[in-house]
Amino acid sequence: MARIFLLAALNTAMLGCSNAKADLPDHCIVPDGKSDFPGFHDFVTRDGYRLIDGDRPLRFIGLHATELHRIEDDVASKNSEIGKADHFRWPSAREQENWIKALVRSGHTVSRIYTLSVDDMSLPDAVRQNMPAHVVKNPATGRVELNPEAMQVFDRMVYLADLHGLRLIVPVIDHWSWWGGKRELAIMVGEDHLETKELGPLYDVDSKTYAAYRGIIEQLLTRRNSCTGREYREEKAIMAWETGNELRGTNKRFLAETASLIKRLAPNQLVVDGDQQADNINSGRQEDVGNGEFLGLLDKNVDIQSNHFYGSYMDPEVVRHQAKLARKYNKPLFVGEYGLQPFARIEEVTRALAEEPAITGALLWGFRGHREAGGFYWHREFDGHLSYHLPGFSVNDDNNERRVVDLLRRTQAEISSNPRAVRFARKLPAPEAPWLHPVKANGEINWMGAPAGERYRLYRSEDGGESWKLQADDLVDGENFWNPQSRSLYREPQPPENGCFSYRVVAVNESGKSEPSNIQTLCAEDRDVADR
């Protein structure tokens, strides 16, 4: 037993020394906190319809990283009675770092997160307590403000993106109510009676709702990051600010006022027109850019025209037509979301996107990352399509996960001018060690997977760690519909009758294996206590 206690003490001491910056605030400290990325040297700039990163053009393709700053928990929301998800929470430091590493190490250079969430004050308090939001109403002053707790998580995301080398596109507000958007903001200021599905007071620059939206932008761009000490408008990891997500009511005055405000506050960062009317109002092959989703091509303060390709827009001819418009008006086109189609159509559209130099980037909907508790988060769309896990797993072949991820990585290797991204897109780097959780008394074993891990080997020691034997090989943690409350990644078939067993895990991928994880033990006395 003394050997076991010494082993555990050494293990804990080693983990306690892993934080790279002891002077960071507690909420900024991550278990690893180390990186070989030298840091961003330049802001991304625009030259006509090209984006420039330093001295080289920037083009990218990959997965949309929806939840780097807020998690929709599909497992907990399964029995929702409000017509949408009713359980959200903030990601942990381990989760955020793991996800950003997974994106970078699979070849990503840029990704887009989802919008800031807005508190839905129309819901009962008992529901709202499970739906923490970024934008809240101060009960004392009545002011619409950024939630301090939420923004600490946001700070850490930006810090980790800067640390590991991922550029972020940040949309401000959602047209939809999925996790709180224009309707919920209108409720806060007493203008919800003006709301409609397609329009609403957000798009009226003389409204209280727009004034609140404007205030959010001002607070956001001038916020000082508690992890880096820089204002958000000084963060090179934030490549661009997007007016919002699928803002279908966008008009000339709304866009002009909003883009001008962002450009004035953050002149070194790019502005994206967040309008989108795909599969809803206009044809993807329209020529008129004087209204609707192409207004950004005409506004002098908009750097990037964006669109989302779903439904009838998932067509190579639509890709080519909209790229032609981008070239004509000399602005890059960014396809912020696309997908939700059979693999053959996704492949056709991806090839068309890559062939058009005026399309600076495209992100397939969407990515979900590791749970700290074990397994992955997942999201199921209304039509049955599921989110994707990196680096792709055979257990999700019915969702074409490996085919999709391989397609995106091959395409990124073709169009990127970033040597590190090309290298990672062509071949994953060897994984880092997983994080092993304490073994449950019933023998259930779980771990947080490595960012580039494809499979895992579990080793067991019966002599306090002096020798190790392979207990299980080819274990996989990427399965969809994972519920950590009812499932485990492995269960010890023969728990110790006397003494203790020690365990450690190794991650494996195409490039090799990781160092062993931290060590956890299961002792006969633990089982005896559980049996009582």
# chains A, B, ... in the order shown; residues from 1 in each chain; ligands from 1

$ select_by_dssp --residues "range 124-247 of chain A" --states "strand (DSSP E)" --output "number ranges by chain"
A: 135-137, 144-146, 167-174, 238-245

$ write_last_selection --atoms "N, CA and C atoms" --output "PDB file, in the first residue's frame"
ATOM      1  N   VAL A 135     -25.414  37.555 -22.455  1.00  0.00           N
ATOM      2  CA  VAL A 135     -26.043  38.872 -22.388  1.00  0.00           C
ATOM      3  C   VAL A 135     -27.206  38.803 -21.412  1.00  0.00           C
ATOM      4  N   VAL A 136     -27.169  39.647 -20.395  1.00  0.00           N
ATOM      5  CA  VAL A 136     -28.175  39.629 -19.334  1.00  0.00           C
ATOM      6  C   VAL A 136     -28.635  41.059 -19.040  1.00  0.00           C
ATOM      7  N   LYS A 137     -29.724  41.150 -18.306  1.00  0.00           N
ATOM      8  CA  LYS A 137     -30.221  42.454 -17.872  1.00  0.00           C
ATOM      9  C   LYS A 137     -29.908  42.634 -16.405  1.00  0.00           C
ATOM     10  N   VAL A 144     -28.607  46.471 -20.108  1.00  0.00           N
ATOM     11  CA  VAL A 144     -28.238  45.228 -20.793  1.00  0.00           C
ATOM     12  C   VAL A 144     -26.719  45.123 -20.778  1.00  0.00           C
ATOM     13  N   GLU A 145     -26.219  44.032 -20.207  1.00  0.00           N
ATOM     14  CA  GLU A 145     -24.789  43.913 -19.954  1.00  0.00           C
ATOM     15  C   GLU A 145     -24.274  42.534 -20.347  1.00  0.00           C
ATOM     16  N   LEU A 146     -22.949  42.436 -20.399  1.00  0.00           N
ATOM     17  CA  LEU A 146     -22.279  41.150 -20.551  1.00  0.00           C
ATOM     18  C   LEU A 146     -22.151  40.499 -19.180  1.00  0.00           C
ATOM     19  N   ARG A 167      -7.359  31.194 -35.372  1.00  0.00           N
ATOM     20  CA  ARG A 167      -8.061  32.462 -35.576  1.00  0.00           C
ATOM     21  C   ARG A 167      -9.565  32.228 -35.403  1.00  0.00           C
ATOM     22  N   LEU A 168     -10.248  33.233 -34.820  1.00  0.00           N
ATOM     23  CA  LEU A 168     -11.672  33.117 -34.535  1.00  0.00           C
ATOM     24  C   LEU A 168     -12.471  34.166 -35.299  1.00  0.00           C
ATOM     25  N   ILE A 169     -13.633  33.761 -35.793  1.00  0.00           N
ATOM     26  CA  ILE A 169     -14.641  34.672 -36.313  1.00  0.00           C
ATOM     27  C   ILE A 169     -15.782  34.675 -35.314  1.00  0.00           C
ATOM     28  N   VAL A 170     -16.156  35.870 -34.834  1.00  0.00           N
ATOM     29  CA  VAL A 170     -17.113  35.988 -33.734  1.00  0.00           C
ATOM     30  C   VAL A 170     -18.359  36.741 -34.196  1.00  0.00           C
ATOM     31  N   PRO A 171     -19.495  36.068 -34.379  1.00  0.00           N
ATOM     32  CA  PRO A 171     -20.752  36.747 -34.661  1.00  0.00           C
ATOM     33  C   PRO A 171     -21.380  37.257 -33.358  1.00  0.00           C
ATOM     34  N   VAL A 172     -22.020  38.418 -33.420  1.00  0.00           N
ATOM     35  CA  VAL A 172     -22.473  39.073 -32.185  1.00  0.00           C
ATOM     36  C   VAL A 172     -23.794  38.514 -31.691  1.00  0.00           C
ATOM     37  N   ILE A 173     -24.825  38.477 -32.529  1.00  0.00           N
ATOM     38  CA  ILE A 173     -26.162  38.101 -32.058  1.00  0.00           C
ATOM     39  C   ILE A 173     -26.840  37.199 -33.075  1.00  0.00           C
ATOM     40  N   ASP A 174     -27.782  36.399 -32.602  1.00  0.00           N
ATOM     41  CA  ASP A 174     -28.473  35.440 -33.457  1.00  0.00           C
ATOM     42  C   ASP A 174     -29.823  35.987 -33.915  1.00  0.00           C
ATOM     43  N   ILE A 238      -8.684  37.075 -32.633  1.00  0.00           N
ATOM     44  CA  ILE A 238     -10.014  37.406 -33.151  1.00  0.00           C
ATOM     45  C   ILE A 238      -9.809  38.011 -34.534  1.00  0.00           C
ATOM     46  N   MET A 239      -9.999  37.202 -35.548  1.00  0.00           N
ATOM     47  CA  MET A 239      -9.758  37.649 -36.921  1.00  0.00           C
ATOM     48  C   MET A 239     -10.818  38.628 -37.382  1.00  0.00           C
ATOM     49  N   ALA A 240     -12.079  38.351 -37.012  1.00  0.00           N
ATOM     50  CA  ALA A 240     -13.170  39.162 -37.552  1.00  0.00           C
ATOM     51  C   ALA A 240     -14.361  39.163 -36.610  1.00  0.00           C
ATOM     52  N   TRP A 241     -15.089  40.270 -36.662  1.00  0.00           N
ATOM     53  CA  TRP A 241     -16.381  40.402 -35.983  1.00  0.00           C
ATOM     54  C   TRP A 241     -17.484  40.326 -37.039  1.00  0.00           C
ATOM     55  N   GLU A 242     -18.470  39.503 -36.778  1.00  0.00           N
ATOM     56  CA  GLU A 242     -19.594  39.354 -37.693  1.00  0.00           C
ATOM     57  C   GLU A 242     -20.823  40.010 -37.078  1.00  0.00           C
ATOM     58  N   THR A 243     -21.581  40.746 -37.863  1.00  0.00           N
ATOM     59  CA  THR A 243     -22.718  41.481 -37.320  1.00  0.00           C
ATOM     60  C   THR A 243     -23.685  40.562 -36.580  1.00  0.00           C
ATOM     61  N   GLY A 244     -23.758  39.329 -36.985  1.00  0.00           N
ATOM     62  CA  GLY A 244     -24.606  38.359 -36.302  1.00  0.00           C
ATOM     63  C   GLY A 244     -24.730  37.093 -37.113  1.00  0.00           C
ATOM     64  N   ASN A 245     -25.607  36.232 -36.676  1.00  0.00           N
ATOM     65  CA  ASN A 245     -25.827  34.958 -37.358  1.00  0.00           C
ATOM     66  C   ASN A 245     -27.154  34.984 -38.107  1.00  0.00           C
TER      67      ASN A 245
END

$ closest_residue --among "A:Gly39, A:Pro316, A:Gly290, A:Gly180" --to "Thr115 in chain A" --atoms "only C-alpha atoms"
A:Gly180

$ residues_around --residues "Tyr203 in chain A" --least-positions-apart "5" --cutoff "9 Å" --atoms "only C-alpha atoms" --output "list of chain:residue names"
A:Thr209, A:Tyr210, A:Leu247, A:Gly249, A:Thr250, A:Asn251, A:Arg253, A:Phe254, A:Leu255

$ write_last_selection --atoms "N, CA, C and O atoms" --output "compact mmCIF listing (two decimals), in the first residue's frame"
# COMPACT_ATOMS: atom_id res chain seq x y z
N THR A 209 -34.06 48.16 -29.02
CA THR A 209 -33.36 46.89 -29.22
C THR A 209 -32.04 47.11 -29.93
O THR A 209 -31.00 46.54 -29.53
N TYR A 210 -32.05 47.95 -30.96
CA TYR A 210 -30.79 48.23 -31.65
C TYR A 210 -29.82 48.97 -30.73
O TYR A 210 -28.61 48.70 -30.76
N LEU A 247 -28.74 37.09 -40.03
CA LEU A 247 -29.57 38.27 -39.76
C LEU A 247 -30.38 38.62 -41.01
O LEU A 247 -30.04 39.50 -41.79
N GLY A 249 -33.10 40.11 -41.56
CA GLY A 249 -33.73 41.42 -41.70
C GLY A 249 -32.77 42.54 -42.01
O GLY A 249 -33.15 43.72 -41.98
N THR A 250 -31.52 42.21 -42.31
CA THR A 250 -30.50 43.22 -42.58
C THR A 250 -30.95 44.16 -43.70
O THR A 250 -31.41 43.73 -44.76
N ASN A 251 -30.82 45.47 -43.46
CA ASN A 251 -31.11 46.48 -44.46
C ASN A 251 -29.89 47.40 -44.56
O ASN A 251 -28.95 47.29 -43.77
N ARG A 253 -29.31 50.56 -43.89
CA ARG A 253 -28.99 51.44 -42.77
C ARG A 253 -28.48 50.64 -41.58
O ARG A 253 -27.53 51.03 -40.91
N PHE A 254 -29.12 49.49 -41.30
CA PHE A 254 -28.66 48.63 -40.21
C PHE A 254 -27.21 48.21 -40.43
O PHE A 254 -26.36 48.31 -39.54
N LEU A 255 -26.90 47.74 -41.64
CA LEU A 255 -25.55 47.28 -41.92
C LEU A 255 -24.56 48.43 -41.87
O LEU A 255 -23.45 48.29 -41.32

$ residues_around --residues "Asn396 in chain A" --least-positions-apart "3" --cutoff "12 Å" --atoms "only C-alpha atoms" --output "PyMOL selection string"
chain A and resi 376+378+385-393+399-405+476-482

$ write_last_selection --atoms "N, CA, C and O atoms" --output "compact mmCIF listing (two decimals), in the first residue's frame"
# COMPACT_ATOMS: atom_id res chain seq x y z
N PHE A 376 -17.68 12.17 -26.02
CA PHE A 376 -17.81 13.43 -26.74
C PHE A 376 -19.19 14.03 -26.53
O PHE A 376 -20.17 13.31 -26.31
N TRP A 378 -22.32 15.82 -28.47
CA TRP A 378 -22.87 15.57 -29.79
C TRP A 378 -24.12 16.43 -29.96
O TRP A 378 -24.70 16.92 -29.00
N HIS A 385 -29.14 14.69 -39.20
CA HIS A 385 -27.69 14.82 -39.32
C HIS A 385 -27.08 15.08 -37.94
O HIS A 385 -27.66 15.77 -37.10
N LEU A 386 -25.89 14.53 -37.76
CA LEU A 386 -25.20 14.66 -36.48
C LEU A 386 -23.94 15.48 -36.63
O LEU A 386 -23.37 15.59 -37.72
N SER A 387 -23.49 16.05 -35.52
CA SER A 387 -22.22 16.77 -35.49
C SER A 387 -21.07 15.80 -35.73
O SER A 387 -21.23 14.57 -35.69
N TYR A 388 -19.88 16.38 -35.95
CA TYR A 388 -18.69 15.59 -36.26
C TYR A 388 -17.66 15.70 -35.14
O TYR A 388 -17.52 16.75 -34.51
N HIS A 389 -16.95 14.60 -34.93
CA HIS A 389 -15.89 14.53 -33.93
C HIS A 389 -14.54 14.40 -34.62
O HIS A 389 -14.43 13.75 -35.66
N LEU A 390 -13.54 15.01 -34.05
CA LEU A 390 -12.18 14.92 -34.59
C LEU A 390 -11.35 13.94 -33.77
O LEU A 390 -11.48 13.90 -32.54
N PRO A 391 -10.51 13.13 -34.45
CA PRO A 391 -10.15 13.19 -35.87
C PRO A 391 -11.01 12.32 -36.78
O PRO A 391 -10.63 12.05 -37.92
N GLY A 392 -12.19 11.90 -36.31
CA GLY A 392 -13.07 11.04 -37.10
C GLY A 392 -12.99 9.60 -36.62
O GLY A 392 -11.90 9.06 -36.41
N PHE A 393 -14.17 8.94 -36.45
CA PHE A 393 -14.21 7.61 -35.84
C PHE A 393 -15.10 6.67 -36.66
O PHE A 393 -16.18 7.08 -37.13
N ASN A 399 -22.78 8.31 -40.07
CA ASN A 399 -22.86 9.76 -40.24
C ASN A 399 -21.78 10.27 -41.21
O ASN A 399 -21.57 11.48 -41.33
N ASN A 400 -21.08 9.34 -41.86
CA ASN A 400 -20.00 9.67 -42.80
C ASN A 400 -18.90 10.51 -42.15
O ASN A 400 -18.25 11.31 -42.82
N GLU A 401 -18.68 10.29 -40.85
CA GLU A 401 -17.76 11.17 -40.13
C GLU A 401 -16.34 11.10 -40.68
O GLU A 401 -15.73 12.15 -40.95
N ARG A 402 -15.80 9.92 -40.84
CA ARG A 402 -14.42 9.83 -41.32
C ARG A 402 -14.30 10.36 -42.74
O ARG A 402 -13.31 11.03 -43.07
N ARG A 403 -15.27 10.08 -43.59
CA ARG A 403 -15.22 10.57 -44.96
C ARG A 403 -15.26 12.10 -45.00
O ARG A 403 -14.53 12.73 -45.77
N VAL A 404 -16.11 12.67 -44.17
CA VAL A 404 -16.23 14.13 -44.14
C VAL A 404 -14.95 14.77 -43.62
O VAL A 404 -14.41 15.71 -44.21
N VAL A 405 -14.45 14.27 -42.49
CA VAL A 405 -13.23 14.85 -41.91
C VAL A 405 -12.05 14.69 -42.85
O VAL A 405 -11.25 15.62 -43.04
N VAL A 476 -12.31 3.05 -28.11
CA VAL A 476 -12.70 4.26 -28.83
C VAL A 476 -13.66 5.07 -27.97
O VAL A 476 -14.53 4.51 -27.31
N ASP A 477 -13.47 6.40 -28.00
CA ASP A 477 -14.31 7.27 -27.17
C ASP A 477 -15.20 8.21 -27.99
O ASP A 477 -15.82 9.11 -27.44
N GLY A 478 -15.28 8.00 -29.33
CA GLY A 478 -15.92 8.99 -30.20
C GLY A 478 -17.36 8.73 -30.56
O GLY A 478 -17.92 9.45 -31.40
N GLU A 479 -18.01 7.76 -29.96
CA GLU A 479 -19.35 7.36 -30.36
C GLU A 479 -20.39 8.46 -30.12
O GLU A 479 -20.39 9.12 -29.08
N ASN A 480 -21.27 8.65 -31.08
CA ASN A 480 -22.37 9.60 -30.92
C ASN A 480 -23.39 9.10 -29.89
O ASN A 480 -23.43 7.92 -29.57
N PHE A 481 -24.20 10.02 -29.40
CA PHE A 481 -25.24 9.77 -28.40
C PHE A 481 -24.66 9.32 -27.05
O PHE A 481 -25.32 8.66 -26.26
N TRP A 482 -23.41 9.72 -26.79
CA TRP A 482 -22.77 9.30 -25.55
C TRP A 482 -23.42 9.99 -24.36
O TRP A 482 -23.64 11.20 -24.35

$ closest_residue --among "A:Ile262, A:Leu436, A:Val104, A:Leu163" --to "Phe60 in chain A" --atoms "only C-alpha atoms"
A:Val104

$ closest_residue --among "A:Asp273, A:Glu195, A:Asp119, A:Glu218" --to "Val335 in chain A" --atoms "only C-alpha atoms"
A:Asp273

$ atom_distance --atom1 "CA of Glu67 in chain A" --atom2 "CA of Gly296 in chain A"
26.2 Å

$ atom_distance --atom1 "CA of Ser106 in chain A" --atom2 "CA of Ala421 in chain A"
7.7 Å

$ residues_around --residues "Ser511 in chain A" --least-positions-apart "6" --cutoff "7 Å" --atoms "only C-alpha atoms" --output "number ranges by chain"
A: 428-430

$ residues_around --residues "Asn268 in chain A" --least-positions-apart "6" --cutoff "10 Å" --atoms "only C-alpha atoms" --output "PyMOL selection string"
chain A and resi 42-45+233-236+239-240

$ select_by_dssp --residues "range 8-183 of chain A" --states "alpha helix (DSSP H)" --output "number ranges by chain"
A: 8-16, 93-104, 125-128, 148-164, 182-183

$ closest_residue --among "A:Phe154, A:Tyr313, A:Tyr338, A:Tyr490" --to "Ile113 in chain A" --atoms "only C-alpha atoms"
A:Phe154

$ closest_residue --among "A:Gln219, A:Ser502, A:Gln269, A:Gln412" --to "Ser517 in chain A" --atoms "only C-alpha atoms"
A:Ser502

$ closest_residue --among "A:Glu356, A:Glu381, A:Glu72, A:Asp23" --to "Gln341 in chain A" --atoms "only C-alpha atoms"
A:Glu381

$ residues_around --residues "Arg156 in chain A" --least-positions-apart "6" --cutoff "8 Å" --atoms "only C-alpha atoms" --output "list in words"
His27, Cys28, Ala93 and Cys227 of chain A
